[in-house]
>>> print(open('coords00.cif').read())   # mmCIF, C-alpha atoms
data_query
#
loop_
_atom_site.label_atom_id
_atom_site.label_comp_id
_atom_site.auth_asym_id
_atom_site.auth_seq_id
_atom_site.Cartn_x
_atom_site.Cartn_y
_atom_site.Cartn_z
CA MET A 1 2.46 -3.08 14.09
CA GLN A 2 -1.31 -3.28 14.49
CA PHE A 3 -4.12 -5.50 13.28
CA TYR A 4 -7.48 -4.50 11.81
CA ARG A 5 -10.67 -6.52 11.32
CA VAL A 6 -12.47 -5.69 8.05
CA LYS A 7 -16.02 -4.42 8.51
CA LYS A 8 -18.99 -5.15 6.24
CA GLY A 9 -18.79 -3.25 2.95
CA GLN A 10 -15.19 -2.06 3.33
CA THR A 11 -12.72 -2.27 0.47
CA LEU A 12 -8.95 -2.49 0.57
CA CYS A 13 -8.68 1.01 -0.96
CA ALA A 14 -10.96 2.52 1.68
CA ILE A 15 -9.04 0.85 4.51
CA ALA A 16 -5.68 1.89 3.06
CA ARG A 17 -6.88 5.49 2.67
CA ALA A 18 -8.26 5.57 6.24
CA PHE A 19 -4.94 4.45 7.72
CA GLY A 20 -2.64 6.36 5.33
CA TYR A 21 -1.21 3.45 3.31
CA PRO A 22 -0.87 3.00 -0.45
CA PRO A 23 -3.37 0.22 -1.35
CA ARG A 24 -0.73 -1.86 -3.20
CA PHE A 25 1.57 -1.67 -0.16
CA LEU A 26 -1.17 -2.92 2.17
CA ALA A 27 -2.13 -5.67 -0.30
CA ALA A 28 1.49 -6.81 -0.63
CA ARG A 29 2.14 -6.85 3.12
CA ASN A 30 -0.98 -8.98 3.65
CA ARG A 31 -0.32 -11.18 0.58
CA LEU A 32 -3.76 -10.43 -0.81
CA LYS A 33 -4.73 -11.88 -4.18
CA GLU A 34 -8.37 -10.70 -4.03
CA GLU A 35 -10.54 -8.05 -2.39
CA VAL A 36 -10.84 -8.15 1.41
CA ARG A 37 -13.81 -9.85 3.11
CA GLU A 38 -15.81 -8.95 6.19
CA GLY A 39 -14.11 -10.32 9.31
CA GLN A 40 -10.71 -10.73 7.65
CA ILE A 41 -7.78 -9.62 9.82
CA LEU A 42 -5.24 -7.30 8.17
CA LEU A 43 -1.76 -6.48 9.37
CA LEU A 44 -1.18 -2.73 9.52
CA PRO A 45 2.63 -2.54 9.48
CA ALA A 46 4.74 0.43 10.52
CA ARG A 47 4.81 3.10 7.85
CA GLU A 48 7.94 2.99 5.75
CA GLY A 49 8.36 6.59 4.68
CA ASN A 50 6.48 9.65 3.54
CA LEU A 51 3.32 9.08 1.51
CA TYR A 52 3.61 10.75 -1.90
CA THR A 53 1.41 11.06 -4.99
CA VAL A 54 3.35 10.30 -8.19
CA ARG A 55 3.40 12.89 -11.00
CA GLY A 56 3.94 12.23 -14.69
CA GLY A 57 7.55 11.71 -15.74
CA GLU A 58 8.83 10.53 -12.36
CA SER A 59 10.80 7.29 -12.10
CA LYS A 60 11.42 4.70 -9.39
CA THR A 61 15.06 5.80 -9.23
CA LEU A 62 14.12 9.46 -8.85
CA LEU A 63 11.65 8.67 -6.06
CA CYS A 64 13.57 6.05 -4.06
CA GLY A 65 17.14 5.93 -5.34
CA SER A 66 16.71 2.70 -7.32
CA ALA A 67 14.03 0.51 -8.83
CA GLN A 68 14.78 -2.21 -6.29
CA ALA A 69 14.39 0.17 -3.33
CA PHE A 70 11.09 1.45 -4.75
CA GLU A 71 9.72 -2.08 -5.20
CA GLU A 72 10.77 -3.23 -1.73
CA ARG A 73 9.38 -0.13 -0.04
CA ASN A 74 6.05 -0.13 -1.93
CA GLY A 75 5.37 -3.81 -2.55
CA THR A 76 4.88 -3.32 -6.28
CA LYS A 77 6.86 -2.98 -9.48
CA TRP A 78 4.25 -0.63 -11.01
CA LEU A 79 4.59 3.14 -11.13
CA PHE A 80 2.02 5.51 -12.65
CA PRO A 81 0.80 9.10 -12.17
CA THR A 82 -1.65 9.64 -9.27
CA GLN A 83 -0.39 6.46 -7.54
CA GLN A 84 0.35 6.88 -3.85
CA VAL A 85 3.76 5.52 -2.83
CA TYR A 86 6.25 5.68 0.01
CA LEU A 87 9.43 7.68 -0.53
#
>>> encode(input="coords00.cif", output="structure tokens")
Amino acid sequence: MQFYRVKKGQTLCAIARAFGYPPRFLAARNRLKEEVREGQILLLPAREGNLYTVRGGESKTLLCGSAQAFEERNGTKWLFPTQQVYL
């Protein structure tokens, strides 16, 4: 587990991409309800699996064994093509 201080002009998506996290996962782990602000401290938790880009037609069950496992691992109930998730 690490911590990161947000720099001026950074977005959650840019930070997530830089550290190899899905943005929704990082937002969920930090309980974010809005965009990050300069100086804000973010928790960078241990990675929880392999990062994967979702393709059309795939389901939560196919990717993680069950919808519940997908939601717990990724911090979201949403699934859509091009989304990056943990398997």
>>> resolve_selection(input="coords00.cif", expression="the PyMOL selection byres ((chain A and resi 1) around 9)", output="ChimeraX atom specification")
/A:2-3,43-46
>>> resolve_selection(input="coords00.cif", expression="the PyMOL selection byres ((chain A and resi 26) around 12)", output="ChimeraX atom specification")
/A:3-4,11-25,27-33,35-36,42-48,73-76,84-86
>>> atom_distance(input="coords00.cif", atom1="CA of Val6 (chain A)", atom2="CA of Gly49 (chain A)")
24.4 Å
>>> residues_around(input="coords00.cif", residues="Gly39 (chain A)", least_positions_apart="2", cutoff="9 Å", atoms="only C-alpha atoms", output="list in words")
Arg5, Val6, Lys7, Lys8, Val36, Arg37 and Ile41 of chain A
>>> residues_around(input="coords00.cif", residues="Thr82 (chain A)", least_positions_apart="2", cutoff="9 Å", atoms="only C-alpha atoms", output="short mmCIF file (atom, residue, chain, number, x, y, z; two decimals) with C-alpha atoms, in the coordinates of the input")
data_model
loop_
_atom_site.label_atom_id
_atom_site.label_comp_id
_atom_site.auth_asym_id
_atom_site.auth_seq_id
_atom_site.Cartn_x
_atom_site.Cartn_y
_atom_site.Cartn_z
CA THR A 53 1.41 11.06 -4.99
CA VAL A 54 3.35 10.30 -8.19
CA ARG A 55 3.40 12.89 -11.00
CA GLY A 56 3.94 12.23 -14.69
CA PHE A 80 2.02 5.51 -12.65
CA GLN A 84 0.35 6.88 -3.85
#
>>> closest_residue(input="coords00.cif", among="A:Gln40, A:Leu87, A:Glu72, A:Glu34", to="Ser59 (chain A)", atoms="all atoms listed in the file")
A:Leu87
>>> residues_near_point(input="coords00.cif", point="(10.7, 1.7, -8.1)", cutoff="8 Å", atoms="all atoms listed in the file", output="list in words")
Ser59, Lys60, Thr61, Leu63, Cys64, Ser66, Ala67, Gln68, Ala69, Phe70, Glu71, Asn74, Thr76, Lys77, Trp78 and Leu79 of chain A
>>> decode(input="coords00.cif", residues="region 25-69 of chain A", atoms="N, CA and C atoms", output="compact mmCIF listing (two decimals), in the first residue's frame")
# COMPACT_ATOMS: atom_id res chain seq x y z
N PHE A 25 -11.89 1.65 -9.93
CA PHE A 25 -11.31 0.94 -8.78
C PHE A 25 -10.64 1.94 -7.84
N LEU A 26 -9.82 2.83 -8.39
CA LEU A 26 -9.12 3.82 -7.58
C LEU A 26 -10.11 4.77 -6.91
N ALA A 27 -11.16 5.17 -7.63
CA ALA A 27 -12.18 6.04 -7.05
C ALA A 27 -12.91 5.35 -5.91
N ALA A 28 -13.25 4.08 -6.09
CA ALA A 28 -13.96 3.33 -5.05
C ALA A 28 -13.10 3.14 -3.81
N ARG A 29 -11.84 2.80 -3.99
CA ARG A 29 -10.95 2.56 -2.84
C ARG A 29 -10.68 3.84 -2.04
N ASN A 30 -10.81 5.00 -2.71
CA ASN A 30 -10.59 6.27 -2.03
C ASN A 30 -11.90 6.99 -1.71
N ARG A 31 -13.03 6.29 -1.95
CA ARG A 31 -14.37 6.83 -1.67
C ARG A 31 -14.57 8.21 -2.26
N LEU A 32 -14.16 8.35 -3.52
CA LEU A 32 -14.28 9.64 -4.20
C LEU A 32 -15.66 9.83 -4.78
N LYS A 33 -16.23 11.00 -4.59
CA LYS A 33 -17.53 11.34 -5.16
C LYS A 33 -17.38 12.43 -6.22
N GLU A 34 -16.16 13.00 -6.33
CA GLU A 34 -15.89 14.06 -7.30
C GLU A 34 -14.45 13.94 -7.78
N GLU A 35 -14.08 14.76 -8.74
CA GLU A 35 -12.72 14.73 -9.28
C GLU A 35 -11.72 15.09 -8.20
N VAL A 36 -10.50 14.57 -8.33
CA VAL A 36 -9.45 14.83 -7.35
C VAL A 36 -9.01 16.29 -7.41
N ARG A 37 -8.41 16.76 -6.31
CA ARG A 37 -7.93 18.15 -6.20
C ARG A 37 -6.44 18.14 -5.91
N GLU A 38 -5.78 19.21 -6.31
CA GLU A 38 -4.36 19.37 -6.03
C GLU A 38 -4.12 19.25 -4.53
N GLY A 39 -3.11 18.48 -4.15
CA GLY A 39 -2.77 18.30 -2.74
C GLY A 39 -3.49 17.16 -2.05
N GLN A 40 -4.54 16.64 -2.66
CA GLN A 40 -5.29 15.53 -2.06
C GLN A 40 -4.40 14.29 -2.00
N ILE A 41 -4.53 13.52 -0.93
CA ILE A 41 -3.75 12.30 -0.76
C ILE A 41 -4.62 11.10 -1.16
N LEU A 42 -4.11 10.28 -2.08
CA LEU A 42 -4.82 9.09 -2.52
C LEU A 42 -4.11 7.84 -2.02
N LEU A 43 -4.90 6.86 -1.64
CA LEU A 43 -4.38 5.55 -1.29
C LEU A 43 -4.19 4.77 -2.59
N LEU A 44 -3.02 4.21 -2.78
CA LEU A 44 -2.75 3.35 -3.92
C LEU A 44 -2.63 1.92 -3.38
N PRO A 45 -3.75 1.19 -3.34
CA PRO A 45 -3.74 -0.15 -2.74
C PRO A 45 -2.99 -1.17 -3.59
N ALA A 46 -2.73 -2.31 -3.01
CA ALA A 46 -2.12 -3.41 -3.75
C ALA A 46 -3.03 -3.78 -4.92
N ARG A 47 -2.44 -4.11 -6.02
CA ARG A 47 -3.24 -4.52 -7.19
C ARG A 47 -3.93 -5.83 -6.88
N GLU A 48 -5.11 -5.99 -7.43
CA GLU A 48 -5.93 -7.14 -7.08
C GLU A 48 -6.10 -8.16 -8.20
N GLY A 49 -5.26 -8.12 -9.19
CA GLY A 49 -5.37 -9.07 -10.28
C GLY A 49 -4.71 -8.52 -11.52
N ASN A 50 -5.01 -9.14 -12.64
CA ASN A 50 -4.47 -8.69 -13.92
C ASN A 50 -5.39 -7.65 -14.53
N LEU A 51 -4.83 -6.55 -15.01
CA LEU A 51 -5.60 -5.50 -15.66
C LEU A 51 -6.02 -5.99 -17.04
N TYR A 52 -7.29 -5.79 -17.38
CA TYR A 52 -7.85 -6.32 -18.61
C TYR A 52 -8.81 -5.31 -19.21
N THR A 53 -8.82 -5.20 -20.54
CA THR A 53 -9.76 -4.32 -21.24
C THR A 53 -10.93 -5.15 -21.74
N VAL A 54 -12.13 -4.80 -21.31
CA VAL A 54 -13.35 -5.54 -21.61
C VAL A 54 -13.69 -5.42 -23.10
N ARG A 55 -14.14 -6.54 -23.67
CA ARG A 55 -14.62 -6.59 -25.06
C ARG A 55 -16.13 -6.79 -25.05
N GLY A 56 -16.76 -6.42 -26.13
CA GLY A 56 -18.22 -6.57 -26.26
C GLY A 56 -18.65 -8.00 -26.04
N GLY A 57 -19.76 -8.18 -25.33
CA GLY A 57 -20.33 -9.51 -25.11
C GLY A 57 -19.82 -10.22 -23.87
N GLU A 58 -18.82 -9.66 -23.20
CA GLU A 58 -18.31 -10.32 -21.99
C GLU A 58 -19.17 -9.95 -20.79
N SER A 59 -19.23 -10.86 -19.82
CA SER A 59 -20.05 -10.65 -18.63
C SER A 59 -19.19 -10.66 -17.38
N LYS A 60 -19.76 -10.19 -16.29
CA LYS A 60 -19.06 -10.20 -14.99
C LYS A 60 -18.71 -11.63 -14.59
N THR A 61 -19.64 -12.54 -14.83
CA THR A 61 -19.43 -13.94 -14.47
C THR A 61 -18.31 -14.55 -15.30
N LEU A 62 -18.28 -14.25 -16.59
CA LEU A 62 -17.23 -14.76 -17.46
C LEU A 62 -15.86 -14.24 -17.01
N LEU A 63 -15.80 -12.97 -16.62
CA LEU A 63 -14.52 -12.35 -16.27
C LEU A 63 -14.01 -12.72 -14.88
N CYS A 64 -14.93 -12.81 -13.91
CA CYS A 64 -14.49 -13.00 -12.52
C CYS A 64 -15.18 -14.15 -11.79
N GLY A 65 -15.98 -14.93 -12.46
CA GLY A 65 -16.62 -16.08 -11.82
C GLY A 65 -18.01 -15.80 -11.30
N SER A 66 -18.29 -14.54 -10.93
CA SER A 66 -19.62 -14.14 -10.48
C SER A 66 -19.71 -12.62 -10.50
N ALA A 67 -20.94 -12.13 -10.53
CA ALA A 67 -21.14 -10.69 -10.51
C ALA A 67 -20.62 -10.08 -9.21
N GLN A 68 -20.84 -10.77 -8.12
CA GLN A 68 -20.38 -10.28 -6.81
C GLN A 68 -18.86 -10.17 -6.76
N ALA A 69 -18.16 -11.19 -7.26
CA ALA A 69 -16.69 -11.16 -7.27
C ALA A 69 -16.18 -10.02 -8.15
